[in-house]
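Here is the structure we will look at, set down as C-alpha cells.
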Amino acid sequence: MAQYTQICSECGATGIVNYCQHLIGGELLWSGQSTCESCGANIEFDDRGDLPEELKPAILAEEGEWQLVLDDRNDLVPALRVIRERLQVSLQESKAILNDLRGTKTTLAWIQDGLRQVNLSSTLVSCSRAGNIGEMGQGQ
Ligand SMILES: [Zn+2]
C-alpha cells in the first residue's frame, strides 16, 4: 500500500498514512488510514474523485503505469467529452491527453467506465509490461 508521512494533529509526532484508490459503483474514491505510533490516535478518511497529483507517484511505483487505448479511434468526439468531464480539462487539453492517456490503473478504469457509458470500448495496457516506461521512470 502506498504511504505518505504527516504530522499527528494530536501529539505532533510524524506518522505514516497508508492510502489507496478504489472504484466503487462507477465512482472514483481514495482513502487513507493512519495510526499514530506515539499517541495511538487513529485517522481514517475517504475522499471522492481522483487522487491528488503528488500522491500518484507512489501508486504508480507500486502498480506500474497504465495507458488507456481506445479500441476505435474513429469515435473521438464522445471520448473527448468523457475526458473533459472526468478530468476537468479544456477541449484542447483533452485532445492531448487522449493521445497519451496514462495514469494509475484505478483512475484509468474510472475513465474507461465513463467511456463504456457512451458505448466506447477501450483497453488498459500496462506501460511497464510494454517496456516503454524504462528510462523515463522516477529511478526508484
Ligand atoms: Zn499522535
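A note on labels: chains of the C-alpha cells are A, B, ... as shown, every chain counts residues from 1, and ligands are counted from 1 in their shown order.
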
Enumerate, as a ChimeraX atom specification, the complete set of residues in stretch 2-71 of chain A that a backbone-based DSSP assignment places in strand (DSSP E).
/A:2-7,14-24,27-35,42-48,66-70

Same residues, C-alpha atoms, output as an mmCIF file, in the first residue's frame:
```cif
data_model
loop_
_atom_site.group_PDB
_atom_site.id
_atom_site.type_symbol
_atom_site.label_atom_id
_atom_site.label_comp_id
_atom_site.auth_asym_id
_atom_site.auth_seq_id
_atom_site.Cartn_x
_atom_site.Cartn_y
_atom_site.Cartn_z
ATOM 1 C CA ALA A 2 1.249 3.496 -0.817
ATOM 2 C CA GLN A 3 2.222 5.787 2.039
ATOM 3 C CA TYR A 4 2.990 9.367 2.928
ATOM 4 C CA THR A 5 4.006 10.969 6.191
ATOM 5 C CA GLN A 6 2.135 13.609 8.090
ATOM 6 C CA ILE A 7 2.256 15.257 11.484
ATOM 7 C CA THR A 14 5.395 12.173 12.456
ATOM 8 C CA GLY A 15 3.197 9.318 11.320
ATOM 9 C CA ILE A 16 2.613 7.269 8.231
ATOM 10 C CA VAL A 17 -0.655 7.413 6.291
ATOM 11 C CA ASN A 18 -1.483 4.360 4.169
ATOM 12 C CA TYR A 19 -3.686 5.154 1.193
ATOM 13 C CA CYS A 20 -5.194 3.589 -1.877
ATOM 14 C CA GLN A 21 -7.660 4.238 -4.673
ATOM 15 C CA HIS A 22 -10.987 2.496 -5.198
ATOM 16 C CA LEU A 23 -13.551 2.323 -7.928
ATOM 17 C CA ILE A 24 -16.904 1.594 -6.315
ATOM 18 C CA GLU A 27 -17.324 6.263 -8.599
ATOM 19 C CA LEU A 28 -13.655 7.051 -8.079
ATOM 20 C CA LEU A 29 -12.595 7.343 -4.457
ATOM 21 C CA TRP A 30 -9.453 7.264 -2.425
ATOM 22 C CA SER A 31 -8.997 6.618 1.234
ATOM 23 C CA GLY A 32 -6.297 6.817 3.828
ATOM 24 C CA GLN A 33 -5.651 5.358 7.246
ATOM 25 C CA SER A 34 -3.091 6.151 9.892
ATOM 26 C CA THR A 35 -2.443 5.065 13.461
ATOM 27 C CA ASN A 42 -6.410 6.754 14.596
ATOM 28 C CA ILE A 43 -7.284 8.663 11.436
ATOM 29 C CA GLU A 44 -9.404 7.331 8.596
ATOM 30 C CA PHE A 45 -10.747 9.294 5.705
ATOM 31 C CA ASP A 46 -12.341 8.891 2.301
ATOM 32 C CA ASP A 47 -12.290 11.376 -0.496
ATOM 33 C CA ARG A 48 -14.149 11.461 -3.779
ATOM 34 C CA TRP A 66 -1.088 2.145 -17.274
ATOM 35 C CA GLN A 67 -2.273 3.517 -20.553
ATOM 36 C CA LEU A 68 -5.826 3.682 -21.875
ATOM 37 C CA VAL A 69 -6.167 2.989 -25.585
ATOM 38 C CA LEU A 70 -9.427 3.450 -27.459
#
```

List as a tab-separated table every residue of chain A that is in contact with ligand 1, defined as an atom at most 6 Å from one of its atoms (using only C-alpha atoms and all ligand atoms), together with the nearest atom pair and the distance in Å rounded to one decimal, sorted by chain and then rising number.
```
residue	atom	partner	partner_atom_place_in_ligand_line	distance
A:Cys8	CA	ligand 1	1 (Zn)	4.6
A:Glu10	CA	ligand 1	1 (Zn)	4.9
A:Cys11	CA	ligand 1	1 (Zn)	4.1
A:Gly12	CA	ligand 1	1 (Zn)	6.0
A:Ala13	CA	ligand 1	1 (Zn)	5.4
A:Cys36	CA	ligand 1	1 (Zn)	4.6
A:Ser38	CA	ligand 1	1 (Zn)	5.1
A:Cys39	CA	ligand 1	1 (Zn)	4.1
A:Gly40	CA	ligand 1	1 (Zn)	5.9
A:Ala41	CA	ligand 1	1 (Zn)	5.4
```

Saved selection, atoms kept: N, CA and C atoms, as a PDB file, in the first residue's frame:
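The file below, part.pdb, is the result:
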```pdb
ATOM      1  N   CYS A   8       1.006  14.185  13.260  1.00  0.00           N
ATOM      2  CA  CYS A   8      -0.192  13.845  14.029  1.00  0.00           C
ATOM      3  C   CYS A   8      -0.777  15.108  14.652  1.00  0.00           C
ATOM      4  N   GLU A  10      -2.789  15.268  17.046  1.00  0.00           N
ATOM      5  CA  GLU A  10      -2.962  15.112  18.497  1.00  0.00           C
ATOM      6  C   GLU A  10      -1.671  15.386  19.267  1.00  0.00           C
ATOM      7  N   CYS A  11      -0.571  14.801  18.790  1.00  0.00           N
ATOM      8  CA  CYS A  11       0.668  14.881  19.579  1.00  0.00           C
ATOM      9  C   CYS A  11       1.848  15.478  18.824  1.00  0.00           C
ATOM     10  N   GLY A  12       1.714  15.710  17.519  1.00  0.00           N
ATOM     11  CA  GLY A  12       2.801  16.338  16.771  1.00  0.00           C
ATOM     12  C   GLY A  12       3.861  15.384  16.269  1.00  0.00           C
ATOM     13  N   ALA A  13       3.697  14.093  16.550  1.00  0.00           N
ATOM     14  CA  ALA A  13       4.669  13.124  16.050  1.00  0.00           C
ATOM     15  C   ALA A  13       4.462  12.917  14.555  1.00  0.00           C
ATOM     16  N   CYS A  36      -1.260   6.636  14.869  1.00  0.00           N
ATOM     17  CA  CYS A  36      -0.064   7.289  15.405  1.00  0.00           C
ATOM     18  C   CYS A  36       0.643   6.334  16.365  1.00  0.00           C
ATOM     19  N   SER A  38       2.927   7.099  18.345  1.00  0.00           N
ATOM     20  CA  SER A  38       3.290   7.793  19.571  1.00  0.00           C
ATOM     21  C   SER A  38       2.101   7.904  20.539  1.00  0.00           C
ATOM     22  N   CYS A  39       0.923   8.320  20.030  1.00  0.00           N
ATOM     23  CA  CYS A  39      -0.215   8.521  20.938  1.00  0.00           C
ATOM     24  C   CYS A  39      -1.391   7.601  20.628  1.00  0.00           C
ATOM     25  N   GLY A  40      -1.311   6.861  19.535  1.00  0.00           N
ATOM     26  CA  GLY A  40      -2.373   5.908  19.231  1.00  0.00           C
ATOM     27  C   GLY A  40      -3.583   6.494  18.527  1.00  0.00           C
ATOM     28  N   ALA A  41      -3.530   7.789  18.223  1.00  0.00           N
ATOM     29  CA  ALA A  41      -4.660   8.407  17.511  1.00  0.00           C
ATOM     30  C   ALA A  41      -4.862   7.718  16.160  1.00  0.00           C
TER      31      ALA A  41
END
```

Between A:Ser90, A:Gly26, A:Ile97, A:Thr104, smallest distance to A:Arg116 by only C-alpha atoms belongs to A:Gly26

With distances taken over only C-alpha atoms, the candidate from A:Arg86, A:Ala58, A:Glu93, A:Leu120 nearest A:Leu108 is A:Arg86

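Here atom CA of A:Thr123 and atom CA of A:Asp75 stand 14.6 Å from one another.
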
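You will find atom CA of A:Leu55 at 22.6 Å from atom CA of A:Ala96.
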
Practice item. Would you mind reading off the distance between atom CA of A:Leu76 and atom CA of A:Leu98, one decimal, in Å? Key: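 Computing it gives 8.7 Å between the two atoms.
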
DSSP helix (DSSP H, G or I) residues within chain A, as a PyMOL selection string:
chain A and resi 53-63+76-87+91-99+105-117+127-130+134-136

- Item | Pick from A:Leu60, A:Leu91, A:Ile83, A:Val125 nearest to A:Trp110, counting only C-alpha atoms |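 Closest residue, counting only C-alpha atoms: A:Ile83.
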